[in-house]
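Pasting run.tsv here (TSV, C-alpha atoms):
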chain	number	residue	atom	x	y	z
P	14	SER	CA	3.55	-79.33	58.62
P	15	ARG	CA	7.35	-79.27	58.37
P	16	ARG	CA	9.04	-78.31	61.66
P	17	PRO	CA	11.65	-75.48	61.68
P	18	GLY	CA	14.41	-77.93	62.64
P	19	ASN	CA	13.71	-80.12	59.62
P	20	ALA	CA	13.64	-77.09	57.35
P	21	MET	CA	17.02	-75.89	58.65
P	22	VAL	CA	18.64	-79.31	58.12
P	23	VAL	CA	17.28	-79.48	54.58
P	24	THR	CA	18.56	-75.96	53.90
P	25	VAL	CA	22.07	-76.74	55.18
P	26	PHE	CA	22.46	-79.91	53.14
P	27	SER	CA	20.92	-78.29	50.06
P	28	LEU	CA	23.51	-75.52	50.31
P	29	LEU	CA	26.31	-78.07	50.65
P	30	ALA	CA	25.08	-79.88	47.55
P	31	VAL	CA	25.00	-76.61	45.59
P	32	LEU	CA	28.52	-75.72	46.75
P	33	ALA	CA	29.88	-79.17	45.87
P	34	SER	CA	28.27	-78.92	42.44
P	35	ALA	CA	29.76	-75.47	41.94
P	36	GLN	CA	33.21	-76.78	42.85
P	37	GLU	CA	32.91	-79.45	40.16
P	38	LYS	CA	31.68	-77.02	37.49
P	39	GLU	CA	34.43	-74.52	38.30
P	40	PHE	CA	37.27	-77.02	37.88
P	41	SER	CA	40.02	-75.75	35.60
P	42	PHE	CA	43.14	-77.81	34.99
P	43	LYS	CA	44.89	-74.61	33.97
P	44	THR	CA	44.27	-73.08	37.39
P	45	TYR	CA	44.77	-76.34	39.26
P	46	LEU	CA	48.21	-77.02	37.83
P	47	LEU	CA	49.83	-73.72	38.82
P	48	GLY	CA	52.40	-73.87	41.59
P	49	GLU	CA	55.09	-76.28	42.77
P	50	TRP	CA	54.63	-80.04	43.10
P	51	ASN	CA	56.81	-82.65	44.77
P	52	VAL	CA	56.73	-85.87	42.76
P	53	GLU	CA	57.59	-89.46	43.67
P	54	ARG	CA	57.95	-92.11	40.98
P	55	PHE	CA	57.19	-95.78	41.65
P	56	THR	CA	57.10	-98.96	39.61
P	57	VAL	CA	54.55	-101.69	40.27
P	58	SER	CA	55.05	-105.27	39.12
P	59	MET	CA	52.07	-106.76	37.29
P	60	THR	CA	52.98	-110.21	38.63
P	61	THR	CA	53.72	-109.48	42.30
P	62	SER	CA	51.99	-106.09	42.79
P	63	GLU	CA	55.16	-104.95	44.58
P	64	MET	CA	55.58	-101.15	44.58
P	65	VAL	CA	59.18	-99.93	44.41
P	66	PRO	CA	60.25	-96.28	44.79
P	67	VAL	CA	62.40	-95.19	41.83
P	68	SER	CA	63.05	-91.46	41.93
P	69	THR	CA	61.86	-88.07	43.16
P	70	GLY	CA	61.74	-84.56	41.77
P	71	LYS	CA	59.53	-81.53	41.41
P	72	TYR	CA	57.41	-79.76	38.84
P	73	VAL	CA	57.12	-75.97	38.86
P	74	PHE	CA	54.32	-74.41	36.80
P	75	ASN	CA	53.81	-70.69	36.18
P	76	ALA	CA	51.39	-68.71	34.02
P	77	ASP	CA	52.98	-67.51	30.77
P	78	THR	CA	52.69	-63.71	30.75
P	79	GLU	CA	52.56	-63.57	26.94
P	80	THR	CA	50.07	-66.38	26.22
P	81	THR	CA	47.26	-68.31	27.88
P	82	ASN	CA	49.59	-71.27	28.44
P	83	ILE	CA	51.68	-72.51	31.38
P	84	VAL	CA	55.46	-72.66	31.41
P	85	GLY	CA	57.77	-74.28	33.94
P	86	TYR	CA	60.20	-77.10	34.43
P	87	TRP	CA	60.73	-80.64	35.68
P	88	SER	CA	63.65	-81.01	38.08
P	89	PRO	CA	64.65	-84.61	38.92
P	90	ASP	CA	66.50	-84.79	42.23
P	91	GLU	CA	69.16	-87.21	41.01
P	92	VAL	CA	70.12	-85.37	37.76
P	93	GLU	CA	72.59	-82.49	37.49
P	94	ASP	CA	73.32	-80.20	34.54
P	95	GLU	CA	76.77	-79.53	33.05
P	96	ASP	CA	77.48	-76.96	35.78
P	97	GLY	CA	76.78	-79.44	38.56
P	98	LEU	CA	73.45	-77.80	39.41
P	99	GLN	CA	70.13	-79.58	39.67
P	100	ALA	CA	68.79	-80.06	36.14
P	101	LYS	CA	65.69	-78.15	35.02
P	102	ILE	CA	63.95	-79.67	32.01
P	103	PRO	CA	61.62	-77.14	30.31
P	104	VAL	CA	57.89	-77.82	30.33
P	105	LEU	CA	55.22	-76.14	28.22
P	106	VAL	CA	51.53	-76.84	28.80
P	107	GLU	CA	49.46	-75.59	25.85
P	108	PHE	CA	45.72	-75.12	26.35
P	109	ASP	CA	42.92	-75.33	23.80
P	110	SER	CA	40.49	-74.78	26.69
P	111	SER	CA	40.85	-74.78	30.47
P	112	ASN	CA	40.74	-78.61	30.53
P	113	THR	CA	42.16	-79.66	27.15
P	114	GLY	CA	45.54	-79.29	25.50
P	115	ASN	CA	49.06	-80.71	25.22
P	116	PHE	CA	51.79	-81.32	27.81
P	117	LYS	CA	55.20	-80.74	26.21
P	118	THR	CA	58.70	-81.31	27.58
P	119	GLY	CA	62.30	-80.62	26.64
P	120	GLU	CA	64.00	-78.00	24.51
P	121	ASP	CA	62.26	-79.39	21.41
P	122	GLU	CA	58.84	-79.20	23.13
P	123	ASP	CA	57.95	-82.81	22.35
P	124	VAL	CA	54.39	-83.76	23.27
P	125	LEU	CA	54.52	-86.12	26.25
P	126	PHE	CA	50.73	-86.46	26.31
P	127	SER	CA	47.56	-84.70	25.23
P	128	PHE	CA	44.89	-84.17	27.87
P	129	TYR	CA	41.13	-83.87	28.02
P	130	PHE	CA	39.80	-83.84	31.58
P	131	GLN	CA	36.34	-85.25	32.28
P	132	HIS	CA	34.51	-86.56	35.31
P	133	PHE	CA	31.56	-88.91	35.76
P	134	ASN	CA	30.36	-88.68	39.37
P	135	GLY	CA	33.95	-89.03	40.52
P	136	PRO	CA	37.40	-87.46	40.21
P	137	TRP	CA	38.50	-85.50	37.14
P	138	ILE	CA	40.41	-87.87	34.84
P	139	SER	CA	42.32	-87.65	31.58
P	140	HIS	CA	43.71	-90.62	29.68
P	141	GLY	CA	45.37	-91.33	26.36
P	142	GLU	CA	48.69	-92.09	24.70
P	143	TRP	CA	51.94	-91.50	26.61
P	144	ASN	CA	54.79	-90.59	24.28
P	145	GLY	CA	57.68	-91.72	26.47
P	146	GLN	CA	60.67	-93.86	25.61
P	147	THR	CA	58.38	-96.82	24.92
P	148	SER	CA	54.76	-97.04	23.75
P	149	ALA	CA	52.34	-96.59	26.64
P	150	PHE	CA	48.99	-95.28	27.84
P	151	TYR	CA	48.44	-92.98	30.81
P	152	GLN	CA	45.68	-92.03	33.24
P	153	PHE	CA	45.90	-88.70	35.05
P	154	ASN	CA	43.74	-88.60	38.23
P	155	ILE	CA	42.95	-85.40	40.12
P	156	VAL	CA	42.89	-86.96	43.59
P	157	ALA	CA	42.43	-83.72	45.56
P	158	ASN	CA	43.23	-80.02	45.38
P	159	ASP	CA	46.76	-80.81	46.56
P	160	LYS	CA	47.40	-84.23	45.01
P	161	PHE	CA	47.35	-85.97	41.63
P	162	THR	CA	48.62	-89.25	40.22
P	163	ILE	CA	49.69	-90.30	36.75
P	164	THR	CA	49.65	-94.03	36.03
P	165	VAL	CA	51.53	-95.17	32.92
P	166	TYR	CA	50.68	-98.59	31.44
P	167	PRO	CA	52.91	-100.26	28.81
P	168	ASN	CA	51.31	-100.91	25.43
P	169	PRO	CA	50.74	-103.76	24.95
P	170	VAL	CA	50.46	-104.91	28.55
P	171	GLN	CA	52.51	-108.06	29.11
P	172	GLU	CA	52.01	-110.43	32.06
P	173	ASP	CA	55.42	-109.52	33.51
P	174	ALA	CA	55.17	-105.80	32.71
P	175	GLU	CA	55.71	-102.93	35.13
P	176	VAL	CA	53.34	-100.02	35.67
P	177	THR	CA	54.83	-96.62	36.49
P	178	ILE	CA	53.06	-94.34	38.97
P	179	TYR	CA	53.85	-90.66	39.51
P	180	SER	CA	52.42	-89.37	42.80
P	181	ALA	CA	52.47	-85.58	43.14
P	182	SER	CA	51.75	-83.42	46.20
P	183	ARG	CA	51.36	-79.67	46.04
P	184	VAL	CA	53.89	-77.57	47.95
P	185	LYS	CA	51.76	-75.47	50.28
P	186	SER	CA	51.46	-71.79	49.47
P	187	GLY	CA	49.44	-68.83	50.57
P	188	ARG	CA	46.72	-69.47	47.99
P	189	GLU	CA	43.37	-68.09	49.07
P	190	LYS	CA	41.01	-70.94	49.85
P	191	THR	CA	37.55	-71.14	48.32
P	192	PHE	CA	34.45	-70.67	50.46
P	193	PHE	CA	33.79	-74.42	50.42
P	194	GLU	CA	37.38	-75.24	51.40
P	195	LYS	CA	37.17	-72.79	54.30
P	196	TYR	CA	33.74	-73.61	55.65
P	197	GLY	CA	32.56	-76.87	54.03
P	198	SER	CA	33.70	-79.18	56.84
P	199	THR	CA	32.27	-76.84	59.48
P	200	MET	CA	28.92	-76.72	57.68
P	201	MET	CA	28.92	-80.51	57.44
P	202	MET	CA	29.51	-80.79	61.18
P	203	VAL	CA	26.81	-78.24	61.95
P	204	GLY	CA	24.38	-79.94	59.58
P	205	GLY	CA	25.15	-83.35	61.07
P	206	PHE	CA	24.72	-82.04	64.61
P	207	MET	CA	21.39	-80.44	63.72
P	208	LEU	CA	20.23	-83.65	62.08
P	209	PHE	CA	21.28	-85.63	65.16
P	210	GLN	CA	19.45	-83.22	67.44
P	211	GLN	CA	16.37	-83.42	65.26
P	212	LEU	CA	16.40	-87.22	65.24
P	213	LYS	CA	16.97	-87.31	68.98
P	214	GLY	CA	14.04	-84.94	69.48
P	215	ASP	CA	11.81	-87.03	67.26
P	216	GLY	CA	12.79	-90.15	69.22
P	217	GLY	CA	12.04	-88.44	72.54
P	218	ARG	CA	8.64	-87.27	71.35
P	219	ALA	CA	7.83	-90.74	70.05
P	220	ALA	CA	8.81	-92.33	73.40
P	221	ALA	CA	6.72	-89.77	75.29
P	222	ALA	CA	3.74	-90.48	73.06
P	223	GLN	CA	4.05	-94.23	73.66
P	224	GLY	CA	4.37	-93.68	77.40
P	225	GLY	CA	1.31	-91.44	77.41
Let me see the structure of the file written as structure tokens.
Amino acid sequence: SRRPGNAMVVTVFSLLAVLASAQEKEFSFKTYLLGEWNVERFTVSMTTSEMVPVSTGKYVFNADTETTNIVGYWSPDEVEDEDGLQAKIPVLVEFDSSNTGNFKTGEDEDVLFSFYFQHFNGPWISHGEWNGQTSAFYQFNIVANDKFTITVYPNPVQEDAEVTIYSASRVKSGREKTFFEKYGSTMMMVGGFMLFQQLKGDGGRAAAAQGG
């Protein structure tokens, strides 16, 4: 029959699996994007793989009180407006669903890219056309709750081309953490300790049986 220790270990890891699955199913780009993000821009040479820092700035995203969309701005550190203040370029993120829509920038609300987030046993990813100054494709990776990257590839990709990477980190706020964020690591440690204790006990009993 199954021993109580084994049952407890199975229960703990089953709960962790359920919680992890719930976290994936609950993902909403609309919720994820809200807040302030510090952004670093790099270029990477396709020939040398050298990564060079180019610029920094920040995105600020807020819920639109009149629609289901997100409004905000992009503020590059090195650009000032006509009054000598740090420039704020308007951003509008329109949503068809919580994970699909269009990312628009500027006073004319030009579409920078359309997004459709999916995941296949890995991070949530969106990719498609990037409507920048030159023809390109992008890949948007949700690295963690507080980090994402956007990689922009020229189209077509030439041997001596440069790839642009935007690396964004969330500015910490008082956002209430989810149950898994609060207690997931503790539960993993407890589950691992219980499993270790169980394996150690099984090894001791096996040694005692051989000695007897």
- Item | Pick from P:Ile163, P:Val106, P:Val176, P:Ala157, whichever lies nearest to Val57 (chain P) using only C-alpha atoms |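 Closest candidate: P:Val176.
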- Which distance in Å separates CA of Asn82 (chain P) and CA of Ala149 (chain P), to one decimal?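 Straight-line distance from CA of Asn82 (chain P) to CA of Ala149 (chain P) works out to 25.5 Å.
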- Task: Provide the CA of Asp159 (chain P) to CA of Ser111 (chain P) distance in Å, to one decimal place.
- Result: 18.2 Å
- What is the distance between CA of Trp143 (chain P) and CA of Pro167 (chain P), in Å to one decimal?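 A separation of 9.1 Å between them.
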- Message: Calculated over all atoms listed in the file, which of the candidates P:Val52, P:Val104, P:Val156, P:Leu46 has the smallest distance to Leu125 (chain P)?
- Response: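 Smallest separation from Leu125 (chain P) among the options: P:Val104.
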- Item | Lys160 (chain P) surroundings by all atoms listed in the file, 9 Å radius, close-in-sequence under 6 positions cut, as an MDAnalysis selection string | chainID P and resid 50 154 180:183
Got a sec: who's within 10 Å of Phe150 (chain P), counting all atoms listed in the file, leaving out chain neighbours fewer than 3 positions off, as a compact mmCIF listing (two decimals) with C-alpha atoms, in the frame of the given file?
# COMPACT_ATOMS: atom_id res chain seq x y z
CA PHE P 126 50.73 -86.46 26.31
CA HIS P 140 43.71 -90.62 29.68
CA GLY P 141 45.37 -91.33 26.36
CA GLU P 142 48.69 -92.09 24.70
CA TRP P 143 51.94 -91.50 26.61
CA ASN P 144 54.79 -90.59 24.28
CA GLY P 145 57.68 -91.72 26.47
CA THR P 147 58.38 -96.82 24.92
CA THR P 164 49.65 -94.03 36.03
CA VAL P 165 51.53 -95.17 32.92
CA TYR P 166 50.68 -98.59 31.44
CA PRO P 167 52.91 -100.26 28.81
CA ASN P 168 51.31 -100.91 25.43
CA PRO P 169 50.74 -103.76 24.95
CA VAL P 170 50.46 -104.91 28.55
- Query: Do you know which residues are at most 6 Å from region 63-75 of chain P counting all atoms listed in the file, after dropping those on the same chain fewer than 6 positions away, and could you put them as a VMD selection string?
  - Reply: chain P and resid 47 to 57 83 to 90
Save the residues we just selected, C-alpha atoms, as a PDB file, in the coordinates of the input?
ATOM      1  CA  LEU P  47      49.830 -73.720  38.820  1.00  0.00           C
ATOM      2  CA  GLY P  48      52.400 -73.870  41.590  1.00  0.00           C
ATOM      3  CA  GLU P  49      55.090 -76.280  42.770  1.00  0.00           C
ATOM      4  CA  TRP P  50      54.630 -80.040  43.100  1.00  0.00           C
ATOM      5  CA  ASN P  51      56.810 -82.650  44.770  1.00  0.00           C
ATOM      6  CA  VAL P  52      56.730 -85.870  42.760  1.00  0.00           C
ATOM      7  CA  GLU P  53      57.590 -89.460  43.670  1.00  0.00           C
ATOM      8  CA  ARG P  54      57.950 -92.110  40.980  1.00  0.00           C
ATOM      9  CA  PHE P  55      57.190 -95.780  41.650  1.00  0.00           C
ATOM     10  CA  THR P  56      57.100 -98.960  39.610  1.00  0.00           C
ATOM     11  CA  VAL P  57      54.550-101.690  40.270  1.00  0.00           C
ATOM     12  CA  ILE P  83      51.680 -72.510  31.380  1.00  0.00           C
ATOM     13  CA  VAL P  84      55.460 -72.660  31.410  1.00  0.00           C
ATOM     14  CA  GLY P  85      57.770 -74.280  33.940  1.00  0.00           C
ATOM     15  CA  TYR P  86      60.200 -77.100  34.430  1.00  0.00           C
ATOM     16  CA  TRP P  87      60.730 -80.640  35.680  1.00  0.00           C
ATOM     17  CA  SER P  88      63.650 -81.010  38.080  1.00  0.00           C
ATOM     18  CA  PRO P  89      64.650 -84.610  38.920  1.00  0.00           C
ATOM     19  CA  ASP P  90      66.500 -84.790  42.230  1.00  0.00           C
TER      20      ASP P  90
END
- Item | Shell around Ser127 (chain P) at 12 Å using all atoms listed in the file, local window under 2 positions removed, as a list in words | Leu105, Val106, Glu107, Phe108, Asp109, Asn112, Thr113, Gly114, Asn115, Phe116, Lys117, Thr118, Asp123, Val124, Leu125, Tyr129, Phe130, Ser139, His140, Gly141, Glu142, Trp143, Asn144, Phe150, Tyr151, Gln152 and Phe153 of chain P
- Query: P:Asn158, P:Lys101, P:Gln146, P:Ala76: which is nearest Val184 (chain P), counting all atoms listed in the file?
  - Reply: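 The shortest atom-to-atom distance to Val184 (chain P) comes from P:Asn158.
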